[in-house]
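Peer 1: What follows is final12.cif, mmCIF, C-alpha atoms.
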```cif
data_upload
#
loop_
_atom_site.group_PDB
_atom_site.id
_atom_site.type_symbol
_atom_site.label_atom_id
_atom_site.label_comp_id
_atom_site.auth_asym_id
_atom_site.auth_seq_id
_atom_site.Cartn_x
_atom_site.Cartn_y
_atom_site.Cartn_z
ATOM 1 C CA MET A 1 95.948 92.352 61.536
ATOM 2 C CA ILE A 2 96.777 93.364 65.112
ATOM 3 C CA SER A 3 94.728 91.468 67.670
ATOM 4 C CA ARG A 4 92.694 93.186 70.370
ATOM 5 C CA ARG A 5 95.045 91.745 72.994
ATOM 6 C CA GLU A 6 98.077 93.194 71.223
ATOM 7 C CA GLU A 7 96.399 96.599 70.949
ATOM 8 C CA GLU A 8 95.736 96.552 74.689
ATOM 9 C CA PHE A 9 99.335 95.572 75.391
ATOM 10 C CA LYS A 10 100.670 98.428 73.276
ATOM 11 C CA LYS A 11 98.534 100.888 75.223
ATOM 12 C CA TYR A 12 99.861 99.512 78.507
ATOM 13 C CA LEU A 13 103.394 99.932 77.140
ATOM 14 C CA ARG A 14 102.730 103.501 76.008
ATOM 15 C CA ALA A 15 101.280 104.439 79.409
ATOM 16 C CA GLY A 16 104.340 102.979 81.119
ATOM 17 C CA GLU A 17 106.743 104.798 78.835
ATOM 18 C CA ILE A 18 105.024 108.104 79.552
ATOM 19 C CA ALA A 19 105.037 107.472 83.308
ATOM 20 C CA SER A 20 108.737 106.612 83.278
ATOM 21 C CA ARG A 21 109.673 109.711 81.288
ATOM 22 C CA VAL A 22 107.590 112.046 83.434
ATOM 23 C CA MET A 23 108.898 110.531 86.680
ATOM 24 C CA GLU A 24 112.506 111.007 85.592
ATOM 25 C CA GLU A 25 111.845 114.672 84.850
ATOM 26 C CA ALA A 26 109.779 115.286 87.982
ATOM 27 C CA LEU A 27 112.318 113.844 90.438
ATOM 28 C CA LYS A 28 114.830 116.482 89.348
ATOM 29 C CA LEU A 29 112.488 119.176 90.682
ATOM 30 C CA VAL A 30 112.126 117.764 94.207
ATOM 31 C CA LYS A 31 114.172 119.911 96.561
ATOM 32 C CA PRO A 32 113.605 121.841 99.806
ATOM 33 C CA GLY A 33 111.428 124.889 99.279
ATOM 34 C CA TYR A 34 109.862 123.754 96.009
ATOM 35 C CA SER A 35 106.062 123.889 95.767
ATOM 36 C CA LEU A 36 104.088 120.633 95.920
ATOM 37 C CA LEU A 37 101.375 122.260 93.828
ATOM 38 C CA LYS A 38 103.836 123.217 91.088
ATOM 39 C CA LEU A 39 105.218 119.693 91.006
ATOM 40 C CA ALA A 40 101.791 118.050 90.773
ATOM 41 C CA GLU A 41 100.691 120.368 87.985
ATOM 42 C CA TYR A 42 103.985 119.870 86.153
ATOM 43 C CA ILE A 43 103.559 116.080 86.287
ATOM 44 C CA GLU A 44 99.950 116.087 85.150
ATOM 45 C CA ASN A 45 100.585 118.580 82.343
ATOM 46 C CA LYS A 46 103.533 116.533 81.089
ATOM 47 C CA ILE A 47 101.463 113.347 81.070
ATOM 48 C CA ILE A 48 98.961 115.069 78.788
ATOM 49 C CA GLU A 49 101.696 116.639 76.658
ATOM 50 C CA TYR A 50 103.227 113.206 76.034
ATOM 51 C CA GLY A 51 99.929 111.697 74.928
ATOM 52 C CA GLY A 52 98.451 110.142 78.050
ATOM 53 C CA ARG A 53 95.955 111.118 80.713
ATOM 54 C CA PRO A 54 96.457 111.121 84.490
ATOM 55 C CA ALA A 55 94.948 107.951 85.957
ATOM 56 C CA PHE A 56 94.700 109.604 89.370
ATOM 57 C CA PRO A 57 95.864 112.851 90.965
ATOM 58 C CA THR A 58 99.593 112.961 91.626
ATOM 59 C CA ASN A 59 100.297 111.691 95.146
ATOM 60 C CA ILE A 60 103.030 113.563 97.005
ATOM 61 C CA SER A 61 103.567 112.189 100.505
ATOM 62 C CA ILE A 62 106.262 113.294 102.937
ATOM 63 C CA GLY A 63 107.812 111.657 105.993
ATOM 64 C CA TYR A 64 105.260 109.617 107.937
ATOM 65 C CA GLU A 65 102.637 110.239 105.243
ATOM 66 C CA ALA A 66 102.384 107.045 103.208
ATOM 67 C CA ALA A 67 99.895 107.960 100.480
ATOM 68 C CA HIS A 68 96.810 109.858 99.317
ATOM 69 C CA TYR A 69 97.938 113.462 99.479
ATOM 70 C CA THR A 70 97.550 115.615 96.406
ATOM 71 C CA PRO A 71 97.796 119.417 96.584
ATOM 72 C CA TYR A 72 94.722 121.586 97.058
ATOM 73 C CA VAL A 73 93.811 124.267 94.521
ATOM 74 C CA ASN A 74 95.791 126.964 96.349
ATOM 75 C CA ASP A 75 98.138 124.682 98.288
ATOM 76 C CA LYS A 76 101.068 126.488 99.935
ATOM 77 C CA LYS A 77 102.996 123.398 101.041
ATOM 78 C CA ILE A 78 106.648 123.187 100.104
ATOM 79 C CA PHE A 79 109.178 120.387 100.406
ATOM 80 C CA PRO A 80 110.980 120.374 103.771
ATOM 81 C CA GLU A 81 114.689 120.188 104.461
ATOM 82 C CA LYS A 82 114.437 116.601 105.715
ATOM 83 C CA GLY A 83 112.219 113.572 105.214
ATOM 84 C CA VAL A 84 111.386 110.839 102.701
ATOM 85 C CA VAL A 85 109.313 112.145 99.785
ATOM 86 C CA LYS A 86 107.114 109.717 97.826
ATOM 87 C CA ILE A 87 105.990 110.628 94.301
ATOM 88 C CA ASP A 88 103.237 108.329 93.004
ATOM 89 C CA ILE A 89 101.888 108.934 89.504
ATOM 90 C CA GLY A 90 99.343 107.210 87.295
ATOM 91 C CA VAL A 91 99.015 107.389 83.530
ATOM 92 C CA HIS A 92 96.393 105.845 81.301
ATOM 93 C CA VAL A 93 96.121 105.495 77.546
ATOM 94 C CA ASP A 94 92.526 104.723 76.611
ATOM 95 C CA GLY A 95 92.017 103.378 80.138
ATOM 96 C CA TYR A 96 95.101 101.118 80.205
ATOM 97 C CA ILE A 97 97.052 102.168 83.273
ATOM 98 C CA ALA A 98 100.642 102.550 84.403
ATOM 99 C CA ASP A 99 101.136 103.124 88.141
ATOM 100 C CA MET A 100 104.596 104.158 89.322
ATOM 101 C CA ALA A 101 106.220 105.544 92.480
ATOM 102 C CA ARG A 102 109.683 106.555 93.618
ATOM 103 C CA SER A 103 111.079 107.964 96.868
ATOM 104 C CA ILE A 104 113.682 110.638 97.564
ATOM 105 C CA ASP A 105 115.432 111.178 100.897
ATOM 106 C CA LEU A 106 115.753 114.891 101.580
ATOM 107 C CA GLY A 107 118.458 115.503 104.152
ATOM 108 C CA GLY A 108 120.276 112.191 103.721
ATOM 109 C CA GLU A 109 119.153 110.598 106.989
ATOM 110 C CA HIS A 110 117.076 107.763 105.488
ATOM 111 C CA THR A 111 119.031 106.631 102.452
ATOM 112 C CA SER A 112 118.908 102.961 103.425
ATOM 113 C CA LEU A 113 115.112 103.106 103.809
ATOM 114 C CA VAL A 114 114.758 104.264 100.217
ATOM 115 C CA GLU A 115 117.253 101.614 99.095
ATOM 116 C CA ALA A 116 115.265 98.931 100.911
ATOM 117 C CA SER A 117 112.063 99.865 99.066
ATOM 118 C CA GLU A 118 113.850 99.824 95.713
ATOM 119 C CA GLU A 119 115.532 96.488 96.360
ATOM 120 C CA ALA A 120 112.285 94.935 97.588
ATOM 121 C CA LEU A 121 110.596 96.037 94.370
ATOM 122 C CA LEU A 122 113.339 94.652 92.143
ATOM 123 C CA ARG A 123 113.515 91.323 93.978
ATOM 124 C CA ALA A 124 109.744 90.948 93.761
ATOM 125 C CA ILE A 125 109.669 91.678 90.032
ATOM 126 C CA GLU A 126 112.506 89.207 89.403
ATOM 127 C CA LYS A 127 110.419 86.454 90.993
ATOM 128 C CA ILE A 128 107.084 87.187 89.292
ATOM 129 C CA ASN A 129 106.016 84.708 86.656
ATOM 130 C CA ILE A 130 102.921 82.823 85.604
ATOM 131 C CA GLY A 131 101.896 80.517 88.438
ATOM 132 C CA VAL A 132 103.823 82.301 91.197
ATOM 133 C CA SER A 133 101.619 83.060 94.207
ATOM 134 C CA ALA A 134 100.999 86.537 95.514
ATOM 135 C CA ARG A 135 101.907 85.257 98.981
ATOM 136 C CA GLU A 136 105.403 84.361 97.721
ATOM 137 C CA ILE A 137 105.905 87.902 96.391
ATOM 138 C CA GLY A 138 104.856 89.256 99.785
ATOM 139 C CA ARG A 139 107.396 86.980 101.469
ATOM 140 C CA ILE A 140 110.189 88.315 99.252
ATOM 141 C CA ILE A 141 109.230 91.918 99.958
ATOM 142 C CA GLU A 142 109.075 91.372 103.708
ATOM 143 C CA ASN A 143 112.352 89.451 103.816
ATOM 144 C CA THR A 144 114.086 92.241 101.918
ATOM 145 C CA ALA A 145 112.774 94.824 104.383
ATOM 146 C CA LYS A 146 113.959 92.655 107.305
ATOM 147 C CA SER A 147 117.433 92.387 105.797
ATOM 148 C CA TYR A 148 117.661 96.165 106.244
ATOM 149 C CA ALA A 149 116.140 95.916 109.744
ATOM 150 C CA TYR A 150 112.913 97.574 108.564
ATOM 151 C CA LYS A 151 109.269 96.515 108.325
ATOM 152 C CA THR A 152 106.791 96.492 105.501
ATOM 153 C CA ILE A 153 103.453 98.249 105.893
ATOM 154 C CA LYS A 154 101.070 95.345 106.144
ATOM 155 C CA ASN A 155 97.828 97.151 105.383
ATOM 156 C CA LEU A 156 99.063 98.620 102.100
ATOM 157 C CA SER A 157 99.578 96.505 99.011
ATOM 158 C CA GLY A 158 100.083 96.334 95.298
ATOM 159 C CA HIS A 159 97.116 95.501 93.103
ATOM 160 C CA LYS A 160 95.851 94.069 89.862
ATOM 161 C CA LEU A 161 95.072 96.596 87.139
ATOM 162 C CA ASP A 162 92.367 96.534 84.527
ATOM 163 C CA ARG A 163 90.982 98.993 82.012
ATOM 164 C CA TYR A 164 89.902 102.107 83.939
ATOM 165 C CA LYS A 165 90.328 100.155 87.189
ATOM 166 C CA LEU A 166 93.219 100.884 89.524
ATOM 167 C CA HIS A 167 92.244 98.130 91.942
ATOM 168 C CA ALA A 168 90.840 95.231 89.964
ATOM 169 C CA GLY A 169 90.109 92.661 92.608
ATOM 170 C CA TYR A 170 93.481 91.164 93.609
ATOM 171 C CA ASN A 171 95.991 92.626 96.079
ATOM 172 C CA VAL A 172 99.738 91.979 96.000
ATOM 173 C CA PRO A 173 100.683 91.951 99.699
ATOM 174 C CA ASN A 174 103.884 93.305 101.197
ATOM 175 C CA TYR A 175 104.147 90.325 103.543
ATOM 176 C CA PRO A 176 103.334 86.599 103.171
ATOM 177 C CA ASP A 177 99.611 86.986 103.717
ATOM 178 C CA PRO A 178 98.222 83.449 104.206
ATOM 179 C CA LEU A 179 95.050 84.466 102.388
ATOM 180 C CA ALA A 180 96.872 85.645 99.243
ATOM 181 C CA LEU A 181 96.718 82.285 97.498
ATOM 182 C CA TRP A 182 95.926 83.558 94.004
ATOM 183 C CA ARG A 183 98.630 83.222 91.344
ATOM 184 C CA PHE A 184 99.881 85.494 88.573
ATOM 185 C CA SER A 185 98.422 84.656 85.180
ATOM 186 C CA ASN A 186 98.974 85.452 81.525
ATOM 187 C CA ASN A 187 97.527 88.582 79.878
ATOM 188 C CA THR A 188 97.177 90.532 83.115
ATOM 189 C CA ALA A 189 98.634 93.723 84.604
ATOM 190 C CA TYR A 190 99.728 94.480 88.161
ATOM 191 C CA ALA A 191 101.178 97.331 90.209
ATOM 192 C CA ILE A 192 103.860 96.058 92.588
ATOM 193 C CA GLU A 193 104.522 98.581 95.381
ATOM 194 C CA PRO A 194 106.514 97.834 98.520
ATOM 195 C CA PHE A 195 105.993 100.292 101.376
ATOM 196 C CA ILE A 196 108.883 100.103 103.860
ATOM 197 C CA THR A 197 109.102 101.855 107.224
ATOM 198 C CA ASN A 198 111.307 102.262 110.274
ATOM 199 C CA GLY A 199 108.126 102.350 112.339
ATOM 200 C CA ARG A 200 105.499 99.825 113.417
ATOM 201 C CA GLY A 201 104.380 98.802 109.952
ATOM 202 C CA TYR A 202 100.762 99.926 109.752
ATOM 203 C CA VAL A 203 98.953 103.010 108.473
ATOM 204 C CA ASP A 204 95.763 104.698 109.599
ATOM 205 C CA ASP A 205 93.438 107.256 108.008
ATOM 206 C CA ASP A 206 93.586 110.938 108.826
ATOM 207 C CA LYS A 207 89.988 111.665 107.896
ATOM 208 C CA SER A 208 90.466 115.392 108.434
ATOM 209 C CA ILE A 209 92.593 115.509 105.260
ATOM 210 C CA VAL A 210 90.889 114.257 102.112
ATOM 211 C CA THR A 211 92.134 115.587 98.770
ATOM 212 C CA ILE A 212 91.321 112.682 96.428
ATOM 213 C CA TYR A 213 87.836 111.414 95.520
ATOM 214 C CA SER A 214 85.916 109.166 93.178
ATOM 215 C CA VAL A 215 82.240 108.953 92.332
ATOM 216 C CA SER A 216 80.282 106.552 94.533
ATOM 217 C CA LYS A 217 77.629 104.226 93.192
ATOM 218 C CA ARG A 218 75.502 106.050 90.675
ATOM 219 C CA ASP A 219 72.375 105.520 92.742
ATOM 220 C CA LYS A 220 74.000 107.715 95.399
ATOM 221 C CA ILE A 221 73.774 110.772 93.157
ATOM 222 C CA PRO A 222 71.105 113.059 94.658
ATOM 223 C CA SER A 223 68.061 114.355 92.829
ATOM 224 C CA ASN A 224 68.879 117.923 93.869
ATOM 225 C CA ASN A 225 69.240 119.818 90.599
ATOM 226 C CA LEU A 226 72.487 121.678 91.376
ATOM 227 C CA GLU A 227 74.269 118.821 93.160
ATOM 228 C CA GLU A 228 73.096 116.289 90.597
ATOM 229 C CA ASP A 229 74.347 118.432 87.735
ATOM 230 C CA ILE A 230 77.803 118.784 89.294
ATOM 231 C CA LEU A 231 78.153 115.092 90.120
ATOM 232 C CA ARG A 232 77.009 113.958 86.689
ATOM 233 C CA LYS A 233 79.548 116.259 85.043
ATOM 234 C CA ILE A 234 82.275 114.754 87.237
ATOM 235 C CA LEU A 235 81.063 111.232 86.431
ATOM 236 C CA GLU A 236 81.071 111.974 82.717
ATOM 237 C CA ARG A 237 84.616 113.322 82.920
ATOM 238 C CA TYR A 238 86.276 110.721 85.192
ATOM 239 C CA ASP A 239 83.900 107.747 85.444
ATOM 240 C CA SER A 240 85.268 105.586 88.288
ATOM 241 C CA LEU A 241 88.822 106.977 88.250
ATOM 242 C CA PRO A 242 89.988 109.192 91.146
ATOM 243 C CA PHE A 243 90.073 112.963 90.780
ATOM 244 C CA CYS A 244 90.711 116.044 92.935
ATOM 245 C CA GLY A 245 89.622 119.624 93.423
ATOM 246 C CA ARG A 246 92.289 120.975 91.083
ATOM 247 C CA TRP A 247 90.760 118.990 88.230
ATOM 248 C CA VAL A 248 87.226 120.357 88.591
ATOM 249 C CA ARG A 249 87.870 124.003 89.423
ATOM 250 C CA ASP A 250 86.427 124.933 86.025
ATOM 251 C CA LEU A 251 83.050 123.496 87.066
ATOM 252 C CA PHE A 252 82.433 125.428 90.274
ATOM 253 C CA PRO A 253 84.171 127.768 92.770
ATOM 254 C CA ASN A 254 85.850 126.483 95.950
ATOM 255 C CA PRO A 255 86.045 122.892 94.649
ATOM 256 C CA ASP A 256 88.002 121.446 97.589
ATOM 257 C CA LYS A 257 85.386 122.620 100.073
ATOM 258 C CA LEU A 258 82.453 121.400 97.982
ATOM 259 C CA LEU A 259 84.004 117.983 97.292
ATOM 260 C CA TYR A 260 84.649 117.446 100.990
ATOM 261 C CA THR A 261 80.990 118.290 101.658
ATOM 262 C CA PHE A 262 79.918 115.747 99.033
ATOM 263 C CA TYR A 263 82.224 113.212 100.694
ATOM 264 C CA GLN A 264 80.589 113.852 104.070
ATOM 265 C CA LYS A 265 77.175 113.363 102.431
ATOM 266 C CA LYS A 266 78.456 110.055 100.964
ATOM 267 C CA TYR A 267 77.937 111.201 97.385
ATOM 268 C CA LEU A 268 81.666 110.627 96.793
ATOM 269 C CA ASN A 269 84.240 108.110 97.917
ATOM 270 C CA GLY A 270 87.080 109.856 99.700
ATOM 271 C CA TYR A 271 90.663 108.669 100.134
ATOM 272 C CA PRO A 272 91.940 110.144 103.404
ATOM 273 C CA LEU A 273 95.605 110.812 103.957
ATOM 274 C CA LEU A 274 97.338 107.628 105.156
ATOM 275 C CA ILE A 275 99.873 108.031 107.942
ATOM 276 C CA GLU A 276 102.223 105.551 109.613
ATOM 277 C CA ILE A 277 100.739 104.905 113.064
ATOM 278 C CA SER A 278 103.975 105.611 114.946
ATOM 279 C CA THR A 279 104.698 108.687 112.760
ATOM 280 C CA ALA A 280 107.827 107.020 111.409
ATOM 281 C CA GLN A 281 109.290 107.516 107.944
ATOM 282 C CA VAL A 282 107.877 105.622 104.966
ATOM 283 C CA ALA A 283 109.506 104.832 101.619
ATOM 284 C CA GLN A 284 107.672 103.534 98.568
ATOM 285 C CA ALA A 285 108.791 102.081 95.245
ATOM 286 C CA GLU A 286 106.376 100.951 92.558
ATOM 287 C CA ASP A 287 106.362 99.647 89.011
ATOM 288 C CA THR A 288 103.719 98.236 86.706
ATOM 289 C CA ILE A 289 104.183 94.835 85.118
ATOM 290 C CA VAL A 290 102.177 93.346 82.288
ATOM 291 C CA ILE A 291 102.266 89.623 81.619
ATOM 292 C CA TYR A 292 101.685 89.349 77.889
ATOM 293 C CA ASP A 293 102.362 86.413 75.605
ATOM 294 C CA LYS A 294 103.730 84.562 78.643
ATOM 295 C CA LYS A 295 106.476 87.142 79.163
ATOM 296 C CA ILE A 296 106.967 89.686 81.967
ATOM 297 C CA HIS A 297 107.117 93.306 80.835
ATOM 298 C CA VAL A 298 107.967 96.079 83.296
ATOM 299 C CA THR A 299 106.195 98.885 81.480
ATOM 300 C CA THR A 300 107.399 101.686 83.773
ATOM 301 C CA ARG A 301 111.072 100.897 83.150
ATOM 302 C CA SER A 302 110.940 101.959 79.511
ATOM 303 C CA LYS A 303 111.306 105.671 78.832
ATOM 304 C CA LEU A 304 109.266 107.399 76.167
ATOM 305 C CA GLN A 305 111.379 108.474 73.206
ATOM 306 C CA LEU A 306 110.428 111.887 71.839
#
```
So, in terms of structure tokens, how does the structure I just supplied come out?
Peer 2:
Amino acid sequence: MISRREEEFKKYLRAGEIASRVMEEALKLVKPGYSLLKLAEYIENKIIEYGGRPAFPTNISIGYEAAHYTPYVNDKKIFPEKGVVKIDIGVHVDGYIADMARSIDLGGEHTSLVEASEEALLRAIEKINIGVSAREIGRIIENTAKSYAYKTIKNLSGHKLDRYKLHAGYNVPNYPDPLALWRFSNNTAYAIEPFITNGRGYVDDDKSIVTIYSVSKRDKIPSNNLEEDILRKILERYDSLPFCGRWVRDLFPNPDKLLYTFYQKKYLNGYPLLIEISTAQVAQAEDTIVIYDKKIHVTTRSKLQL
């Protein structure tokens, strides 16, 4: 009989396989002039086609944007001729999540920045084992960035994963944070994601651009009949996982506008666009690891076989 732990592990593996396959296909579409909306919808449709569900809206960030941009319902944005593009996708199978990101340098001016993020990720994963401290992983990531004469983004980090939880209580820093004293343990999952920049190494919110949301505490749901009905339908569909206007356009018209209003009323958590404070380029690389049976498994490095 298969144990509960083994069943969970297999779902983590399946989610990672789907994410890897979809990412490989999606990266081939990234080119100047291509629609961000088309790419996001392609990614999310493929995740479903291959047997998973999106764990969060596809993040497509360009240049000095570090994270938290997903296309609006009628988004007209296209990929530019130059700049570092970050594609960050999440897949879950029955709530067990794979989180994965890759960067592409359009224009060829920032190749080494992308390489630095990829090398930092690989070096970090090579070091991870049971008992290794999160601070040590941050040191490796920062030292790799410095070897390329770049900086890590200190206020962005990797994170522990749990069922239906993208951020499950522990952060994996991108520098040797003296407070990150916790250690990797058996039967756990983590997203490792170096953010590397040729700028100052910090991001800030652009609160004027919010395209990703999650439901706040349930006691925040208003008693207004119409608003309550909408929010409870969203909660039933996505629980605590992030979502966007594109995903709820079947529930009501003008979803992006209404969700932003709910965010302003504090009915929803919002995830504003994150930008590098000196408007410098940002590269990101991310994989999911699962420590199962005292072994390290990089779930997003195994492609789904169809």
Peer 1: Given the file shown, determine the residues that the PyMOL selection byres ((chain A and resi 252) around 12) selects; report them as a list in words.
Peer 2: Leu226, Glu227, Asp229, Ile230, Leu231, Lys233, Ile234, Gly245, Arg246, Trp247, Val248, Arg249, Asp250, Leu251, Pro253, Asn254, Pro255, Asp256, Lys257, Leu258 and Leu259 of chain A
Peer 1: Compare A:Val30, A:Ala124, A:Leu37, A:Ala191 by their minimum atom-to-atom distance to A:Phe79, counting all atoms listed in the file, and give me the closest one.
Peer 2: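 Of A:Val30, A:Ala124, A:Leu37, A:Ala191, the one nearest A:Phe79, counting all atoms listed in the file, is A:Val30.
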Peer 1: Translate the PyMOL selection byres ((chain A and resi 288-299) around 9) into a concrete residue list for this structure, as an MDAnalysis selection string.
Peer 2: chainID A and resid 5:6 9 12:17 19:20 97:100 125 128:130 161 184:193 286:287 300:303
Peer 1: Keeping only C-alpha atoms, take the residues you just selected and write them out as a short mmCIF file (atom, residue, chain, number, x, y, z; two decimals), in the coordinates of the input.
Peer 2:
```cif
data_model
loop_
_atom_site.label_atom_id
_atom_site.label_comp_id
_atom_site.auth_asym_id
_atom_site.auth_seq_id
_atom_site.Cartn_x
_atom_site.Cartn_y
_atom_site.Cartn_z
CA ARG A 5 95.04 91.74 72.99
CA GLU A 6 98.08 93.19 71.22
CA PHE A 9 99.34 95.57 75.39
CA TYR A 12 99.86 99.51 78.51
CA LEU A 13 103.39 99.93 77.14
CA ARG A 14 102.73 103.50 76.01
CA ALA A 15 101.28 104.44 79.41
CA GLY A 16 104.34 102.98 81.12
CA GLU A 17 106.74 104.80 78.83
CA ALA A 19 105.04 107.47 83.31
CA SER A 20 108.74 106.61 83.28
CA ILE A 97 97.05 102.17 83.27
CA ALA A 98 100.64 102.55 84.40
CA ASP A 99 101.14 103.12 88.14
CA MET A 100 104.60 104.16 89.32
CA ILE A 125 109.67 91.68 90.03
CA ILE A 128 107.08 87.19 89.29
CA ASN A 129 106.02 84.71 86.66
CA ILE A 130 102.92 82.82 85.60
CA LEU A 161 95.07 96.60 87.14
CA PHE A 184 99.88 85.49 88.57
CA SER A 185 98.42 84.66 85.18
CA ASN A 186 98.97 85.45 81.53
CA ASN A 187 97.53 88.58 79.88
CA THR A 188 97.18 90.53 83.12
CA ALA A 189 98.63 93.72 84.60
CA TYR A 190 99.73 94.48 88.16
CA ALA A 191 101.18 97.33 90.21
CA ILE A 192 103.86 96.06 92.59
CA GLU A 193 104.52 98.58 95.38
CA GLU A 286 106.38 100.95 92.56
CA ASP A 287 106.36 99.65 89.01
CA THR A 300 107.40 101.69 83.77
CA ARG A 301 111.07 100.90 83.15
CA SER A 302 110.94 101.96 79.51
CA LYS A 303 111.31 105.67 78.83
#
```
Peer 1: How would you write as number ranges by chain the residues that get within 12 Å of (102.9, 94.1, 99.4) in the file's frame, counting only C-alpha atoms?
Peer 2: A: 117, 120-121, 124-125, 134-145, 151-160, 170-177, 180, 190-196, 201, 284-286
Peer 1: Grab the atom CA of A:Gly33 to atom CA of A:Glu109 distance for me, in Å with one decimal place.
Peer 2: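 Atom-to-atom, atom CA of A:Gly33 and atom CA of A:Glu109 are spaced 18.0 Å apart.
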Peer 1: For A:Ser208, which residue among A:Gly169, A:Gly95, A:Leu179, A:Leu273 is the nearest when counting all atoms listed in the file?
Peer 2: A:Leu273
Peer 1: Could you give me the axis-aligned bounding box of stretch 184-190 of chain A, with 4 Å of padding per side, as centre plus edge lengths in Å to one decimal, as JSON?
Peer 2:
```
{"center_x": 98.5, "center_y": 89.6, "center_z": 84.2, "size_x": 10.7, "size_y": 17.8, "size_z": 16.7}
```
Peer 1: Please provide as a PyMOL selection string all residues within 9 Å of A:Leu235, with the sequence filter that same-chain residues fewer than 5 positions apart are discarded (counting all atoms listed in the file).
Peer 2: chain A and resi 214-215+218+230+240
Peer 1: For the file shown, what are the residues hit by the PyMOL selection byres ((chain A and resi 102) around 6), laid out as a list of chain:residue names?
Peer 2: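 Residues picked by the PyMOL selection byres ((chain A and resi 102) around 6): A:Lys86, A:Ile87, A:Ala101, A:Ser103, A:Ala285.
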Peer 1: Using all atoms listed in the file, collect all residues at a distance of at most 12 Å from (114.1, 114.1, 85.5) as written in the file, then present them as a count of residues only.
Peer 2: 18
Peer 1: Using only C-alpha atoms, which residue out of A:Leu113, A:Ile209, A:Cys244, A:Val282 lies closest to A:Ala40?
Peer 2: A:Cys244
Peer 1: Quick check, in Å to one decimal: how far apart do atom CA of A:Phe243 and atom CA of A:Ala168 lie?
Peer 2: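 Those two atoms sit 17.8 Å apart.
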Peer 1: Rank A:Ala283, A:Val210, A:Ile78, A:Leu304 by their smallest atom-to-atom distance to A:Gln264, using only C-alpha atoms, and report the top residue only.
Peer 2: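 Comparing A:Ala283, A:Val210, A:Ile78, A:Leu304 against A:Gln264, the winner is A:Val210.
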Peer 1: Using only C-alpha atoms, which of the listed residues (A:Glu115, A:Glu228, A:Asp88, A:Glu276) sits closest to A:Pro54?
Peer 2: A:Asp88
Peer 1: Quote the spacing between atom CA of A:Ala67 and atom CA of A:Tyr271 in Å to one decimal place.
Peer 2: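 The value is 9.3 Å.
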Peer 1: Tell me, as a PyMOL selection string, which residues lie within 6 Å of A:Ala66, counting only C-alpha atoms; anything in the same chain fewer than 4 positions away does not count.
Peer 2: chain A and resi 61+274-275+282
Peer 1: Generate a file of the selected residues that holds C-alpha atoms, formatted as a PDB file, in the frame of the given file.
Peer 2:
```pdb
ATOM      1  CA  SER A  61     103.567 112.189 100.505  1.00  0.00           C
ATOM      2  CA  LEU A 274      97.338 107.628 105.156  1.00  0.00           C
ATOM      3  CA  ILE A 275      99.873 108.031 107.942  1.00  0.00           C
ATOM      4  CA  VAL A 282     107.877 105.622 104.966  1.00  0.00           C
TER       5      VAL A 282
END
```
Peer 1: Which of these, A:Lys127, A:His110, A:Arg200, A:Lys11, has the shortest distance to A:Val91 once you count all atoms listed in the file?
Peer 2: A:Lys11
